[in-house]
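Structure file model08.cif (mmCIF, C-alpha atoms and all ligand atoms) follows.
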data_upload
#
loop_
_atom_site.label_atom_id
_atom_site.label_comp_id
_atom_site.auth_asym_id
_atom_site.auth_seq_id
_atom_site.Cartn_x
_atom_site.Cartn_y
_atom_site.Cartn_z
CA MET Y 25 7.48 -35.35 5.58
CA PRO Y 26 7.03 -32.20 3.49
CA SER Y 27 9.83 -29.70 4.02
CA PRO Y 28 8.67 -26.64 5.97
CA VAL Y 29 8.21 -23.59 3.73
CA SER Y 30 10.56 -20.84 4.82
CA ASP Y 31 9.17 -17.45 5.76
CA VAL Y 32 9.62 -14.49 3.43
CA THR Y 33 9.59 -10.82 4.49
CA ARG Y 34 10.02 -7.71 2.39
CA PHE Y 35 10.85 -4.03 2.55
CA ALA Y 36 8.86 -2.21 -0.14
CA PRO Y 37 9.76 1.49 -0.46
CA SER Y 38 8.36 3.86 -3.06
CA PRO Y 39 11.12 5.79 -4.87
CA ASN Y 40 9.40 9.17 -4.76
CA GLY Y 41 11.91 10.76 -2.39
CA TRP Y 42 15.08 9.97 -0.44
CA LEU Y 43 14.80 7.38 2.33
CA HIS Y 44 14.63 8.77 5.87
CA LEU Y 45 15.17 7.34 9.35
CA GLY Y 46 11.68 5.80 9.37
CA HIS Y 47 12.59 3.78 6.30
CA ALA Y 48 15.83 2.62 7.91
CA PHE Y 49 13.83 1.33 10.89
CA SER Y 50 11.34 -0.43 8.62
CA ALA Y 51 14.09 -2.03 6.51
CA PHE Y 52 15.96 -3.27 9.62
CA PHE Y 53 12.66 -4.55 11.04
CA ALA Y 54 11.88 -6.59 7.90
CA HIS Y 55 15.45 -7.86 7.70
CA SER Y 56 15.71 -8.89 11.35
CA THR Y 57 12.29 -10.54 11.20
CA ALA Y 58 13.56 -12.71 8.32
CA ILE Y 59 16.64 -13.63 10.36
CA GLU Y 60 14.56 -14.36 13.48
CA LEU Y 61 12.31 -16.68 11.48
CA GLY Y 62 15.17 -18.27 9.57
CA GLY Y 63 13.56 -16.97 6.39
CA ARG Y 64 14.33 -14.83 3.34
CA PHE Y 65 14.35 -11.05 2.97
CA LEU Y 66 13.27 -9.30 -0.23
CA LEU Y 67 13.47 -5.72 -1.42
CA ARG Y 68 10.68 -4.48 -3.70
CA ILE Y 69 10.62 -1.16 -5.51
CA GLU Y 70 7.06 0.22 -5.52
CA ASP Y 71 7.30 2.57 -8.48
CA ILE Y 72 3.81 2.55 -9.95
CA ASP Y 73 3.44 6.31 -9.58
CA ILE Y 74 5.26 7.13 -12.79
CA GLY Y 75 4.81 10.86 -12.26
CA ARG Y 76 6.55 10.98 -8.88
CA CYS Y 77 9.07 8.13 -8.95
CA ARG Y 78 12.58 8.94 -10.18
CA PRO Y 79 15.59 6.74 -11.12
CA GLU Y 80 17.91 8.62 -8.73
CA TYR Y 81 15.61 7.72 -5.84
CA VAL Y 82 15.77 4.03 -6.85
CA GLN Y 83 19.58 4.23 -6.85
CA GLY Y 84 19.36 6.08 -3.53
CA ILE Y 85 17.44 3.12 -2.02
CA TYR Y 86 20.14 0.65 -3.15
CA ASP Y 87 22.96 2.93 -1.94
CA ASP Y 88 21.43 3.71 1.47
CA LEU Y 89 20.47 0.10 2.23
CA THR Y 90 23.85 -1.25 1.12
CA TRP Y 91 25.54 1.35 3.31
CA LEU Y 92 23.40 0.23 6.26
CA GLY Y 93 24.75 -3.27 5.73
CA LEU Y 94 21.57 -4.90 4.45
CA THR Y 95 21.58 -7.55 1.74
CA TRP Y 96 18.63 -8.87 -0.25
CA GLU Y 97 17.82 -11.38 -2.95
CA MET Y 98 18.26 -10.56 -6.61
CA PRO Y 99 16.58 -9.75 -8.90
CA VAL Y 100 14.65 -6.97 -7.18
CA ARG Y 101 11.03 -6.79 -8.27
CA ARG Y 102 10.12 -3.38 -9.66
CA GLN Y 103 6.38 -2.84 -9.88
CA SER Y 104 6.62 -0.71 -13.03
CA GLU Y 105 7.83 -3.84 -14.88
CA HIS Y 106 4.77 -5.90 -13.92
CA PHE Y 107 1.71 -3.93 -14.95
CA ALA Y 108 0.40 -7.02 -16.80
CA ASP Y 109 0.10 -8.88 -13.47
CA TYR Y 110 -1.97 -6.09 -11.93
CA ASP Y 111 -4.06 -5.73 -15.05
CA ALA Y 112 -4.97 -9.42 -14.87
CA ALA Y 113 -6.10 -8.99 -11.25
CA LEU Y 114 -8.09 -5.88 -12.15
CA LYS Y 115 -9.81 -7.77 -15.01
CA ARG Y 116 -10.76 -10.51 -12.59
CA LEU Y 117 -12.36 -8.02 -10.20
CA ARG Y 118 -14.13 -6.36 -13.14
CA THR Y 119 -15.42 -9.71 -14.36
CA MET Y 120 -16.79 -10.36 -10.90
CA GLY Y 121 -18.72 -7.08 -11.23
CA LEU Y 122 -16.92 -5.55 -8.26
CA ALA Y 123 -15.18 -2.59 -9.93
CA TYR Y 124 -16.59 0.50 -11.61
CA GLN Y 125 -15.22 3.44 -13.54
CA CYS Y 126 -15.33 6.71 -11.64
CA PHE Y 127 -14.92 9.91 -13.62
CA ALA Y 128 -15.25 12.26 -10.66
CA THR Y 129 -12.81 15.14 -10.43
CA ARG Y 130 -11.62 16.38 -7.05
CA LYS Y 131 -13.93 19.37 -7.46
CA GLU Y 132 -16.95 17.19 -8.21
CA ILE Y 133 -16.29 15.22 -5.02
CA THR Y 134 -15.93 18.41 -2.96
CA ASP Y 135 -19.13 19.82 -4.49
CA ALA Y 136 -21.05 16.60 -3.80
CA ILE Y 137 -19.98 16.64 -0.17
CA GLU Y 138 -20.98 20.30 0.07
CA ALA Y 139 -24.37 19.57 -1.48
CA SER Y 140 -25.00 16.60 0.83
CA GLY Y 141 -26.08 18.85 3.69
CA ILE Y 142 -23.67 17.03 6.02
CA GLY Y 143 -20.87 19.50 5.44
CA HIS Y 144 -17.13 19.02 5.07
CA ALA Y 145 -16.36 19.19 8.77
CA ARG Y 146 -18.63 16.24 9.57
CA TRP Y 147 -18.07 14.21 6.39
CA PRO Y 148 -16.34 10.91 7.28
CA LEU Y 149 -12.66 10.52 6.36
CA ASP Y 150 -10.96 7.30 5.32
CA PRO Y 151 -7.94 6.01 7.31
CA ASP Y 152 -5.62 8.00 5.00
CA GLY Y 153 -7.48 11.19 5.90
CA ALA Y 154 -9.27 11.60 2.56
CA PRO Y 155 -13.04 12.24 2.48
CA LEU Y 156 -14.95 9.01 1.89
CA TYR Y 157 -15.99 8.78 -1.74
CA PRO Y 158 -19.61 9.92 -2.01
CA GLY Y 159 -20.53 7.34 -4.65
CA LEU Y 160 -20.82 9.55 -7.72
CA TYR Y 161 -20.73 7.62 -11.03
CA LYS Y 162 -21.37 4.39 -9.18
CA ASP Y 163 -24.47 3.29 -11.02
CA LEU Y 164 -23.91 4.93 -14.41
CA ASP Y 165 -26.16 3.69 -17.15
CA PRO Y 166 -24.28 2.21 -20.13
CA THR Y 167 -25.18 5.10 -22.50
CA GLU Y 168 -23.76 7.68 -20.14
CA LEU Y 169 -20.67 5.53 -19.53
CA ASN Y 170 -20.14 5.29 -23.30
CA ARG Y 171 -20.47 9.02 -23.71
CA LEU Y 172 -17.86 9.75 -21.05
CA MET Y 173 -15.50 7.20 -22.58
CA TRP Y 174 -15.93 8.77 -26.03
CA GLU Y 175 -15.20 12.18 -24.59
CA GLY Y 176 -11.89 10.70 -23.45
CA ARG Y 177 -12.54 11.69 -19.86
CA THR Y 178 -10.02 10.44 -17.37
CA TYR Y 179 -11.20 7.94 -14.75
CA ALA Y 180 -10.23 5.66 -11.89
CA TRP Y 181 -11.39 2.10 -11.20
CA ARG Y 182 -13.02 1.90 -7.79
CA LEU Y 183 -13.82 -1.23 -5.83
CA ASP Y 184 -17.49 -1.38 -4.87
CA MET Y 185 -16.56 -2.13 -1.27
CA GLU Y 186 -19.97 -3.20 -0.07
CA LYS Y 187 -20.36 -5.74 -2.86
CA ALA Y 188 -16.70 -6.76 -2.65
CA LEU Y 189 -16.89 -7.43 1.08
CA ALA Y 190 -20.13 -9.39 0.74
CA LYS Y 191 -18.60 -11.53 -2.04
CA ALA Y 192 -15.36 -12.03 -0.09
CA GLU Y 193 -17.26 -13.14 3.02
CA GLU Y 194 -19.29 -15.53 0.89
CA ILE Y 195 -16.09 -17.04 -0.58
CA ASN Y 196 -14.51 -17.15 2.87
CA GLY Y 197 -17.57 -18.73 4.43
CA GLY Y 198 -17.79 -16.02 7.10
CA PRO Y 199 -16.17 -12.82 8.37
CA ILE Y 200 -12.62 -12.14 7.23
CA THR Y 201 -9.81 -11.71 9.75
CA PHE Y 202 -6.05 -11.36 9.77
CA LEU Y 203 -3.26 -12.44 12.09
CA GLU Y 204 -1.32 -9.59 13.69
CA GLU Y 205 1.96 -10.84 15.09
CA GLY Y 206 3.28 -7.34 15.67
CA GLU Y 207 1.09 -4.59 17.02
CA GLY Y 208 -1.56 -2.26 15.64
CA PRO Y 209 -1.59 1.47 16.54
CA ARG Y 210 -3.75 0.74 19.61
CA GLY Y 211 -1.85 -2.35 20.64
CA GLN Y 212 -4.08 -4.74 18.66
CA LYS Y 213 -2.64 -8.22 18.16
CA GLY Y 214 -3.66 -11.78 17.44
CA ARG Y 215 -6.55 -12.72 15.14
CA LEU Y 216 -8.29 -9.44 14.30
CA PRO Y 217 -11.45 -8.48 12.40
CA ILE Y 218 -11.27 -6.26 9.31
CA ASP Y 219 -13.22 -3.08 8.68
CA PRO Y 220 -12.68 -2.24 5.01
CA MET Y 221 -15.82 -0.08 4.84
CA ARG Y 222 -13.71 2.58 6.52
CA TYR Y 223 -12.08 3.07 3.11
CA GLY Y 224 -15.30 3.12 1.14
CA ASP Y 225 -14.92 2.50 -2.59
CA VAL Y 226 -11.10 2.63 -2.80
CA ILE Y 227 -9.31 3.28 -6.06
CA ILE Y 228 -7.76 0.08 -7.35
CA ALA Y 229 -6.51 1.34 -10.74
CA ARG Y 230 -6.44 4.35 -13.02
CA LYS Y 231 -7.09 4.95 -16.67
CA ASP Y 232 -3.38 5.09 -17.53
CA VAL Y 233 -1.99 2.83 -14.76
CA PRO Y 234 -3.76 -0.53 -14.27
CA THR Y 235 -3.20 -0.59 -10.54
CA SER Y 236 -3.03 1.33 -7.27
CA TYR Y 237 -1.01 0.79 -4.08
CA HIS Y 238 -3.59 -1.65 -2.64
CA LEU Y 239 -3.86 -3.87 -5.70
CA ALA Y 240 -0.14 -3.95 -6.53
CA VAL Y 241 0.92 -4.79 -2.95
CA THR Y 242 -1.64 -7.57 -2.68
CA VAL Y 243 -0.70 -9.14 -6.01
CA ASP Y 244 3.06 -8.81 -5.41
CA ASP Y 245 3.06 -10.22 -1.89
CA ALA Y 246 1.34 -13.30 -3.32
CA ILE Y 247 3.58 -13.60 -6.41
CA GLN Y 248 6.70 -13.20 -4.26
CA LYS Y 249 5.32 -15.69 -1.72
CA VAL Y 250 5.69 -13.20 1.13
CA THR Y 251 4.52 -14.97 4.29
CA VAL Y 252 5.10 -12.15 6.81
CA VAL Y 253 4.17 -8.60 5.79
CA THR Y 254 6.21 -6.14 7.87
CA ARG Y 255 5.47 -2.43 7.67
CA GLY Y 256 4.64 0.66 9.71
CA GLN Y 257 1.45 1.02 11.72
CA ASP Y 258 0.34 3.81 9.36
CA LEU Y 259 -0.53 0.98 6.94
CA PHE Y 260 -2.34 -1.15 9.54
CA PRO Y 261 -5.86 -0.29 8.22
CA ALA Y 262 -4.71 -0.91 4.62
CA THR Y 263 -4.58 -4.56 5.67
CA TYR Y 264 -8.42 -4.55 5.74
CA VAL Y 265 -8.48 -3.80 2.01
CA HIS Y 266 -5.66 -6.22 1.24
CA ARG Y 267 -7.44 -9.10 2.97
CA VAL Y 268 -10.59 -8.49 0.94
CA LEU Y 269 -8.56 -8.47 -2.28
CA GLN Y 270 -6.68 -11.63 -1.26
CA VAL Y 271 -9.90 -13.54 -0.70
CA LEU Y 272 -11.49 -12.25 -3.93
CA LEU Y 273 -8.41 -13.09 -5.99
CA GLY Y 274 -7.85 -16.48 -4.33
CA LEU Y 275 -4.44 -15.48 -2.94
CA PRO Y 276 -2.80 -16.90 0.20
CA GLU Y 277 -3.10 -15.10 3.51
CA PRO Y 278 0.19 -13.79 4.91
CA ARG Y 279 0.76 -12.96 8.59
CA TYR Y 280 1.29 -9.31 9.53
CA ARG Y 281 3.83 -7.57 11.75
CA HIS Y 282 3.15 -3.87 11.95
CA HIS Y 283 5.74 -1.79 13.76
CA SER Y 284 5.44 1.53 15.56
CA LEU Y 285 6.61 4.62 13.71
CA ILE Y 286 9.75 6.59 14.33
CA ARG Y 287 8.82 10.07 15.53
CA ASP Y 288 10.79 13.25 15.99
CA GLU Y 289 11.27 14.98 19.37
CA THR Y 290 7.85 16.64 19.07
CA GLY Y 291 6.10 13.33 18.43
CA ARG Y 292 5.54 14.13 14.77
CA ARG Y 293 5.79 11.26 12.29
CA LEU Y 294 8.74 11.43 9.91
CA SER Y 295 7.90 11.72 6.26
CA LYS Y 296 9.59 12.43 2.98
CA THR Y 297 7.44 15.45 2.31
CA ALA Y 298 8.26 17.12 5.61
CA LYS Y 299 11.90 17.44 4.50
CA ASP Y 300 13.13 15.28 7.34
CA GLN Y 301 16.78 14.49 7.24
CA GLY Y 302 17.38 11.82 4.66
CA LEU Y 303 19.68 8.84 5.12
CA ARG Y 304 21.62 10.03 2.10
CA GLU Y 305 22.22 13.42 3.65
CA LEU Y 306 23.34 11.81 6.91
CA ARG Y 307 25.55 9.36 5.01
CA LEU Y 308 27.19 12.06 2.88
CA GLY Y 309 27.57 14.19 6.01
CA GLY Y 310 29.79 11.55 7.59
CA ALA Y 311 27.35 9.59 9.80
CA THR Y 312 28.05 5.87 10.26
CA PRO Y 313 25.50 3.02 10.10
CA ALA Y 314 25.99 2.68 13.86
CA ASP Y 315 24.93 6.34 14.24
CA ILE Y 316 21.74 5.57 12.29
CA ARG Y 317 20.95 2.55 14.47
CA HIS Y 318 21.47 4.69 17.53
CA LEU Y 319 19.19 7.46 16.17
CA ILE Y 320 16.34 4.98 15.65
CA GLY Y 321 16.81 3.23 18.97
CA LEU Y 322 18.35 -0.02 17.72
CA PRO Y 323 21.29 -1.73 19.43
N1 LIG B 1 5.38 1.31 -0.70
C1 LIG B 1 4.77 1.59 0.56
C2 LIG B 1 5.42 2.81 1.19
O1 LIG B 1 6.51 3.19 0.81
C3 LIG B 1 4.86 0.46 1.55
C4 LIG B 1 4.10 -0.73 1.11
C5 LIG B 1 3.90 -1.83 2.14
O2 LIG B 1 4.83 -2.12 2.92
O3 LIG B 1 2.84 -2.43 2.12
O4 LIG B 1 4.81 3.42 2.05
#
Can I see the file as structure tokens?
Amino acid sequence: MPSPVSDVTRFAPSPNGWLHLGHAFSAFFAHSTAIELGGRFLLRIEDIDIGRCRPEYVQGIYDDLTWLGLTWEMPVRRQSEHFADYDAALKRLRTMGLAYQCFATRKEITDAIEASGIGHARWPLDPDGAPLYPGLYKDLDPTELNRLMWEGRTYAWRLDMEKALAKAEEINGGPITFLEEGEGPRGQKGRLPIDPMRYGDVIIARKDVPTSYHLAVTVDDAIQKVTVVTRGQDLFPATYVHRVLQVLLGLPEPRYRHHSLIRDETGRRLSKTAKDQGLRELRLGGATPADIRHLIGLP
């Protein structure tokens, strides 16, 4: 009889700030899920944003998690060391004719929305709250594309979502779904449909970085053989994009366990940018790991 493959979970923070209580909850969630399933727990450093990630934040992640009593497998995968893997995936999507170069500046996008007659207030937003991309530069003729390249203009690679979804459904032999073993923001669970069109033509890479969050996460979860993706419900809709990429790139389908987000007394989500108290600050201020567990409602 073949030996059962053990489950693998991961905690995948981005070192662009100090970890806060929400991260502690997410890390404990991934870790305890691995224990519950008799599986393995990985830590991954998602440092593709070279401009915002800093070495002291990486060290902060190791220090905070060690202090909390978590252990993980070595070596830790750092995304900045694996750009070749993402580049290969990007090339594959390009070869399939599903990606295009988009030279639009923020201002061009704003102007196009303004000129559409729909107006900013009524223009649809993607699940991250950004205006849906209005499709500029989508069908550039090769001469114009050449000219922009020669000018050295900066650009992003966007996934042509309509084409990508159609191709993925063709490969899949029907509509794509995912298995939610945790809970979506509205209590969704079980086998669920995807709705990647809500993101429109997402950015999958940039001129100077051959990847984006969506592409790197999808490729890494497959390379690291992650079988159960655990993360906050804020990333629930990102799963729609990841499933499309998995099918297109021929990668295995993990299960998903999204968890609810830690909120402050006013119901506001914690975030690094909002200057919420960091674990480091609490740790240096004399808090104990038990205090942290208590603050985030864990026994
Ligand atoms: N790196 C992402 C973050 O810090 C999480 C990625 C994931 O769990 O899919 O928000």
For this session: Give me the residues within 7 Å of stretch 245-257 of chain Y as a ChimeraX atom specification, counting all atoms listed in the file and dropping any in the same chain fewer than 2 places off.
Result: /Y:31-34,50,54,208-209,241-243,259-260,275-276,278-285
Store the residues picked out above, limited to C-alpha atoms, as a short mmCIF file (atom, residue, chain, number, x, y, z; two decimals), keeping the file's coordinate frame.
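The resulting file, result-v2.cif, is reproduced below:
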data_model
loop_
_atom_site.label_atom_id
_atom_site.label_comp_id
_atom_site.auth_asym_id
_atom_site.auth_seq_id
_atom_site.Cartn_x
_atom_site.Cartn_y
_atom_site.Cartn_z
CA ASP Y 31 9.17 -17.45 5.76
CA VAL Y 32 9.62 -14.49 3.43
CA THR Y 33 9.59 -10.82 4.49
CA ARG Y 34 10.02 -7.71 2.39
CA SER Y 50 11.34 -0.43 8.62
CA ALA Y 54 11.88 -6.59 7.90
CA GLY Y 208 -1.56 -2.26 15.64
CA PRO Y 209 -1.59 1.47 16.54
CA VAL Y 241 0.92 -4.79 -2.95
CA THR Y 242 -1.64 -7.57 -2.68
CA VAL Y 243 -0.70 -9.14 -6.01
CA LEU Y 259 -0.53 0.98 6.94
CA PHE Y 260 -2.34 -1.15 9.54
CA LEU Y 275 -4.44 -15.48 -2.94
CA PRO Y 276 -2.80 -16.90 0.20
CA PRO Y 278 0.19 -13.79 4.91
CA ARG Y 279 0.76 -12.96 8.59
CA TYR Y 280 1.29 -9.31 9.53
CA ARG Y 281 3.83 -7.57 11.75
CA HIS Y 282 3.15 -3.87 11.95
CA HIS Y 283 5.74 -1.79 13.76
CA SER Y 284 5.44 1.53 15.56
CA LEU Y 285 6.61 4.62 13.71
#
Exercise. Closest to ligand LIG 1 (chain B) among Y:Ala145, Y:Leu239, Y:Ala190, Y:Leu273, using all atoms listed in the file?
Worked result: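 Once distances to ligand LIG 1 (chain B) are computed over all atoms listed in the file, the minimum belongs to Y:Leu239.
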For this session: Using all atoms listed in the file, find all polymer residues with an atom at most 10 Å away from the point (-10.2, 0.2, 1.3); report them as an NGL selection string.
Result: :Y and (150-152 or 182-185 or 219-228 or 238 or 261-269)
For this session: Rounded to one decimal place, report the atom CA of Y:Asp258-atom CA of Y:Phe35 distance in Å.
Result: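 Interatomic distance here is 14.8 Å.
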For this session: Tell me which of Y:Glu277, Y:Glu132, Y:Asp244, Y:Glu204 sits closest to ligand LIG 1 (chain B), counting only C-alpha atoms and all ligand atoms.
Result: Y:Asp244
Exercise. Atom CA of Y:Asp232 and atom CA of Y:Leu189 are how many Å apart?
Worked result: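 Computed distance, atom CA of Y:Asp232 to atom CA of Y:Leu189, equals 26.2 Å.
Atom CA of Y:Pro39 is positioned 5.1 Å from atom CA of Y:Cys77.
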Exercise. Which is closer to ligand LIG 1 (chain B) than all the others in Y:Thr119, Y:Thr90, Y:Gln103, Y:Thr167, using only C-alpha atoms and all ligand atoms?
Worked result: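 Once distances to ligand LIG 1 (chain B) are computed over only C-alpha atoms and all ligand atoms, the minimum belongs to Y:Gln103.
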For this session: Name all residues at most 9 Å from stretch 106-112 of chain Y (count all atoms listed in the file; drop same-chain ones fewer than 6 positions away) and give them as number ranges by chain.
Result: Y: 72, 229, 233-236, 239-240, 243-244
Put those residues in a file: C-alpha atoms, as a compact mmCIF listing (two decimals), in the frame of the given file.
# COMPACT_ATOMS: atom_id res chain seq x y z
CA ILE Y 72 3.81 2.55 -9.95
CA ALA Y 229 -6.51 1.34 -10.74
CA VAL Y 233 -1.99 2.83 -14.76
CA PRO Y 234 -3.76 -0.53 -14.27
CA THR Y 235 -3.20 -0.59 -10.54
CA SER Y 236 -3.03 1.33 -7.27
CA LEU Y 239 -3.86 -3.87 -5.70
CA ALA Y 240 -0.14 -3.95 -6.53
CA VAL Y 243 -0.70 -9.14 -6.01
CA ASP Y 244 3.06 -8.81 -5.41
Problem set entry | Proximity to ligand LIG 1 (chain B) - best of Y:Glu194, Y:Leu169, Y:Glu97, Y:Tyr237, all atoms listed in the file | Y:Tyr237
Problem set entry | Proximity to ligand LIG 1 (chain B) - best of Y:Phe52, Y:Ile59, Y:Leu156, Y:Arg68, all atoms listed in the file | Y:Arg68
Seminar exercise, completed: Of Y:Ala188, Y:Ile218, Y:Leu172, Y:Val82, the one sitting nearest Y:Gln125 when using all atoms listed in the file is Y:Leu172
Problem set entry | Exercise: Y:Ile316 partners within 9 Å, only C-alpha atoms, chain neighbours under 3 positions left out, as a list in words |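 Listed by chain and then number, they are Leu45, Ala48, Leu92, Leu303, Leu306, Ala311, Thr312, Pro313, Leu319, Ile320, Gly321 and Leu322 of chain Y.
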Exercise. Near stretch 128-130 of chain Y, within 10 Å and counting only C-alpha atoms, which residues show up once chain neighbours fewer than 5 positions away are dropped, as a VMD selection string?
Worked result: chain Y and resid 135 to 136 157 to 161 177 to 180
